[in-house]
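Contents: one structure, followed by commentary.
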Amino acid sequence: MHALITGGAGFIGSHLAEALLAQGHRVTAVDNLSTGRRANVAHLAGQLRFQLVVETITNEAVLDRLASECDVIFHLAAAVGVELIIRDPVRTIETNLQGTDVILKLARRYGKKVLLASTSEVYGKSAAVPFNEDADRVLGPTTKSRWSYAESKAIDEHLALAYHKQFGVPVVICRFFNTVGPRQSGSYGMVIPRLVQQALAGQPLTVYGDGSQSRCFCNVRDTVRAVLALAAEPAAVGEIFNVGSQDEITIRALAERVLARAGAGGPLRLVPYEQAYEKGFEDMQRRVPGLAKIQAMIGWAPTVPLDETLDEVIAYFRAGHTG
Ligand code: UDP
């Protein structure tokens with residue numbers, strides 16, 4: 001199989017590329033290196049079955065050729081990270097809408113399957129626990145930039161499902177919940193690489209709000225396993241799946257765990273949300289994925305415990321990687 005991965009030099013994309021190559025497939029990664037990094041795939045560059053094309057996914061001429069040559073498209077290229085979204089909402093909206101528009105059009109033209117990366121953010125600030133795929137979504141006002149990410153990804157989902165319904169394009173939608181592991185950058189907001197880097201530098205660990213909000217962190221290796229199994233399952237076409245862990249931890253407890261695993265780091269420092277992001281910022285208190293649907297479809301469940309993931313991330317930054 002020849003896979004095209006948009007965002008292939010990004011965090012999840014690079015791990016997916018690695019897994020596909022290990023299974024003997026061919027991989028073309030396309031990435032404009034905006035949040036992705038060449039270093040993420042440098043170790044794959046020598047393999048004949050791998051190529052990195054540095055290009056933006058809105059370049060339709062180049063993408064047309066790449067889409068025509070592959071068997072399946074993993075569409076992961078997007079603007080991600082709460083901090084980046086607030087800093088640059090225009091880029092978030094345009095990248096996420098235009099990129100998916102191009103990919104779906106080409107998938108239709110060449111009859112290719114598309115795995116679309118979506119996000120738990122689409123559930124918004126709904127208080128439901130857990131979030132199930134068919135649940136109502138609860139979003140804040142358009143005056144708050146944060147919600148532009150959820151909106152853009154929800155439109156991507158609508159568009160993908162519309163292409164499936166109207167034109168028969170085989171699409172599978174994965175809603176990734178907090179995904180972590182080596183190569184995730186802390187530069188766009190993500191909490192674990194940020195806390196780990198702070199701990200290793202002996203700095204205070206920044207806990208936003210009062211730290212009572214909780215998240216469930218899923219190791220990227222588990223995530224990739226889910227994506228590959230969903231791609232291979234014909235019954236998954238036209239469907240949406242949560243991909244995440246149900247192992248819940250408060251951010252304060254997470255920071256303490258990082259301190260314990262790293263054996264380094266300053267005290268915890270509570271930072272008010274409006275100082276960390278912007279005035280009136282809305283965070284969600286809990287976010288737990290319902291996994292019944294994906295379990296029933298492919299028998300998937302996450303396997304890597306949080307401590308193991310933290311150790312991997314600590315080792316990654318200790319080895320001198322930055323980001
Ligand atoms: N967070 C934090 N300190 C940081 C970065 C993030 O306390 O340095 C919090 C953030 O406010 C949120 C949680 O950690 O409540 C997870 O944030 P992240 O951006 O990783 O993912 P999100 O769940 O917001 O998409």
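Note on naming: chains are A, B, ... as they come in the structure tokens, residues start from 1 per chain, ligands start from 1 in the order shown.
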Counting only C-alpha atoms and all ligand atoms, which protein, DNA or RNA residues come within 8 Å of ligand 1, given as an MDAnalysis selection string? chainID A and resid 81:83 120:121 177:178 188:192 194:195 205:209 211 213:215 251:252 270:271 273 276 283:285 287
Just list the residues in stretch 94-257 of chain A DSSP gives alpha helix (DSSP H) on the backbone, as an NGL selection string. :A and (94-110 or 146-167 or 191-200 or 220-232 or 251-257)
Atom CA of A:Pro193 to atom CA of A:Leu310, distance in Å rounded to a single decimal: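 Atom-to-atom, atom CA of A:Pro193 to atom CA of A:Leu310, that is 9.1 Å.
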As a ChimeraX atom specification, please: the residues near A:Val243 (cut-off 9 Å, only C-alpha atoms, same-chain neighbours under 2 positions excluded). /A:119-120,174-177,179,218,222-223,226-227,241,245,289-291,294,301-302
Could you save the residues just selected, with C-alpha atoms, as a compact mmCIF listing (two decimals), in the first residue's frame?
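Contents of the output file result.txt:
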```txt
# COMPACT_ATOMS: atom_id res chain seq x y z
CA THR A 119 -10.64 16.31 17.57
CA SER A 120 -12.39 15.98 20.93
CA CYS A 174 -11.09 9.89 14.01
CA ARG A 175 -11.72 12.29 16.88
CA PHE A 176 -8.40 12.36 18.70
CA PHE A 177 -8.51 13.13 22.40
CA THR A 179 -2.64 12.48 22.45
CA CYS A 218 -3.41 8.59 25.22
CA ASP A 222 -1.97 3.45 20.83
CA THR A 223 -3.48 6.20 18.69
CA ALA A 226 -6.31 2.62 16.22
CA VAL A 227 -5.91 4.66 13.03
CA PHE A 241 -14.76 7.27 16.17
CA SER A 245 -7.79 7.03 26.79
CA PRO A 289 -13.99 9.69 25.42
CA GLY A 290 -16.68 7.07 25.12
CA LEU A 291 -14.92 4.05 23.61
CA ILE A 294 -14.37 1.85 18.52
CA ALA A 301 -8.37 -0.16 23.75
CA PRO A 302 -5.36 1.88 24.84
```
Shell around A:Glu157 at 8 Å using only C-alpha atoms, local window under 2 positions removed, as a PDB file with all heavy atoms, in the first residue's frame:
```
ATOM      1  N   LEU A 116      -9.742  11.024   8.166  1.00  0.00           N
ATOM      2  CA  LEU A 116      -9.706  12.438   8.549  1.00  0.00           C
ATOM      3  C   LEU A 116      -9.443  12.568  10.047  1.00  0.00           C
ATOM      4  O   LEU A 116     -10.177  12.007  10.864  1.00  0.00           O
ATOM      5  CB  LEU A 116     -11.049  13.095   8.203  1.00  0.00           C
ATOM      6  CG  LEU A 116     -11.225  14.531   8.684  1.00  0.00           C
ATOM      7  CD1 LEU A 116     -10.404  15.499   7.848  1.00  0.00           C
ATOM      8  CD2 LEU A 116     -12.697  14.940   8.655  1.00  0.00           C
ATOM      9  N   SER A 118      -9.862  14.388  13.266  1.00  0.00           N
ATOM     10  CA  SER A 118     -10.657  15.422  13.912  1.00  0.00           C
ATOM     11  C   SER A 118     -10.260  15.463  15.386  1.00  0.00           C
ATOM     12  O   SER A 118      -9.189  14.962  15.750  1.00  0.00           O
ATOM     13  CB  SER A 118     -12.157  15.150  13.713  1.00  0.00           C
ATOM     14  OG  SER A 118     -12.917  16.217  14.250  1.00  0.00           O
ATOM     15  N   LYS A 153     -13.063  22.174  12.546  1.00  0.00           N
ATOM     16  CA  LYS A 153     -12.987  20.711  12.466  1.00  0.00           C
ATOM     17  C   LYS A 153     -14.375  20.098  12.289  1.00  0.00           C
ATOM     18  O   LYS A 153     -14.527  19.065  11.622  1.00  0.00           O
ATOM     19  CB  LYS A 153     -12.292  20.162  13.712  1.00  0.00           C
ATOM     20  CG  LYS A 153     -10.782  20.252  13.632  1.00  0.00           C
ATOM     21  CD  LYS A 153     -10.289  19.391  12.472  1.00  0.00           C
ATOM     22  CE  LYS A 153      -8.792  19.351  12.368  1.00  0.00           C
ATOM     23  NZ  LYS A 153      -8.373  18.459  11.266  1.00  0.00           N
ATOM     24  N   ALA A 154     -15.382  20.726  12.861  1.00  0.00           N
ATOM     25  CA  ALA A 154     -16.743  20.202  12.689  1.00  0.00           C
ATOM     26  C   ALA A 154     -17.185  20.360  11.234  1.00  0.00           C
ATOM     27  O   ALA A 154     -17.829  19.467  10.662  1.00  0.00           O
ATOM     28  CB  ALA A 154     -17.705  20.921  13.629  1.00  0.00           C
ATOM     29  N   ILE A 155     -16.824  21.475  10.624  1.00  0.00           N
ATOM     30  CA  ILE A 155     -17.152  21.648   9.201  1.00  0.00           C
ATOM     31  C   ILE A 155     -16.383  20.623   8.358  1.00  0.00           C
ATOM     32  O   ILE A 155     -16.917  20.050   7.410  1.00  0.00           O
ATOM     33  CB  ILE A 155     -16.854  23.096   8.735  1.00  0.00           C
ATOM     34  CG1 ILE A 155     -17.879  24.063   9.327  1.00  0.00           C
ATOM     35  CG2 ILE A 155     -16.864  23.205   7.209  1.00  0.00           C
ATOM     36  CD1 ILE A 155     -19.295  23.924   8.756  1.00  0.00           C
ATOM     37  N   LEU A 159     -18.165  18.086   5.883  1.00  0.00           N
ATOM     38  CA  LEU A 159     -17.778  18.007   4.475  1.00  0.00           C
ATOM     39  C   LEU A 159     -17.398  16.568   4.105  1.00  0.00           C
ATOM     40  O   LEU A 159     -17.793  16.053   3.059  1.00  0.00           O
ATOM     41  CB  LEU A 159     -16.610  18.972   4.216  1.00  0.00           C
ATOM     42  CG  LEU A 159     -16.327  19.302   2.761  1.00  0.00           C
ATOM     43  CD1 LEU A 159     -17.525  19.976   2.091  1.00  0.00           C
ATOM     44  CD2 LEU A 159     -15.102  20.232   2.657  1.00  0.00           C
ATOM     45  N   ALA A 160     -16.647  15.919   4.982  1.00  0.00           N
ATOM     46  CA  ALA A 160     -16.238  14.534   4.717  1.00  0.00           C
ATOM     47  C   ALA A 160     -17.471  13.627   4.633  1.00  0.00           C
ATOM     48  O   ALA A 160     -17.581  12.790   3.724  1.00  0.00           O
ATOM     49  CB  ALA A 160     -15.289  14.049   5.819  1.00  0.00           C
ATOM     50  N   LEU A 161     -18.383  13.790   5.571  1.00  0.00           N
ATOM     51  CA  LEU A 161     -19.593  12.951   5.556  1.00  0.00           C
ATOM     52  C   LEU A 161     -20.462  13.260   4.337  1.00  0.00           C
ATOM     53  O   LEU A 161     -21.098  12.370   3.772  1.00  0.00           O
ATOM     54  CB  LEU A 161     -20.389  13.148   6.857  1.00  0.00           C
ATOM     55  CG  LEU A 161     -19.678  12.648   8.123  1.00  0.00           C
ATOM     56  CD1 LEU A 161     -20.455  13.041   9.379  1.00  0.00           C
ATOM     57  CD2 LEU A 161     -19.467  11.127   8.083  1.00  0.00           C
ATOM     58  N   ILE A 173     -13.637   9.039  10.091  1.00  0.00           N
ATOM     59  CA  ILE A 173     -13.279  10.201  10.904  1.00  0.00           C
ATOM     60  C   ILE A 173     -12.821   9.748  12.290  1.00  0.00           C
ATOM     61  O   ILE A 173     -13.530   9.004  12.976  1.00  0.00           O
ATOM     62  CB  ILE A 173     -14.477  11.163  11.025  1.00  0.00           C
ATOM     63  CG1 ILE A 173     -14.852  11.690   9.621  1.00  0.00           C
ATOM     64  CG2 ILE A 173     -14.153  12.320  11.984  1.00  0.00           C
ATOM     65  CD1 ILE A 173     -16.162  12.429   9.556  1.00  0.00           C
TER      66      ILE A 173
END
```
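Between atom CA of A:Val62 and atom CA of A:Arg38 there is a distance of 19.1 Å.
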Extract, using only C-alpha atoms, all DNA, RNA and protein residues at most 12 Å from A:Thr142, discarding same-chain residues fewer than 6 positions from it, and format them as a ChimeraX atom specification. /A:89,148-152
I'd like the contact shell of A:Val30 - 8 Å cut-off, only C-alpha atoms, skipping same-chain residues fewer than 3 positions apart - returned as number ranges by chain. A: 4-9, 52-57
Would you mind exporting the chosen residues as a PDB file, in the first residue's frame, restricted to C-alpha atoms?
```pdb
ATOM      1  CA  LEU A   4      -0.146   9.738   1.626  1.00  0.00           C
ATOM      2  CA  ILE A   5       0.063  11.439   5.026  1.00  0.00           C
ATOM      3  CA  THR A   6      -0.712  15.140   5.126  1.00  0.00           C
ATOM      4  CA  GLY A   7       1.029  16.595   8.151  1.00  0.00           C
ATOM      5  CA  GLY A   8       3.436  13.664   7.851  1.00  0.00           C
ATOM      6  CA  ALA A   9       6.287  15.498   9.582  1.00  0.00           C
ATOM      7  CA  LEU A  52       8.910  13.870   2.394  1.00  0.00           C
ATOM      8  CA  VAL A  53       7.390  16.520   0.145  1.00  0.00           C
ATOM      9  CA  VAL A  54       7.697  19.995   1.658  1.00  0.00           C
ATOM     10  CA  GLU A  55       4.569  21.696   0.404  1.00  0.00           C
ATOM     11  CA  THR A  56       1.377  23.243   1.670  1.00  0.00           C
ATOM     12  CA  ILE A  57      -1.734  21.118   1.256  1.00  0.00           C
TER      13      ILE A  57
END
```
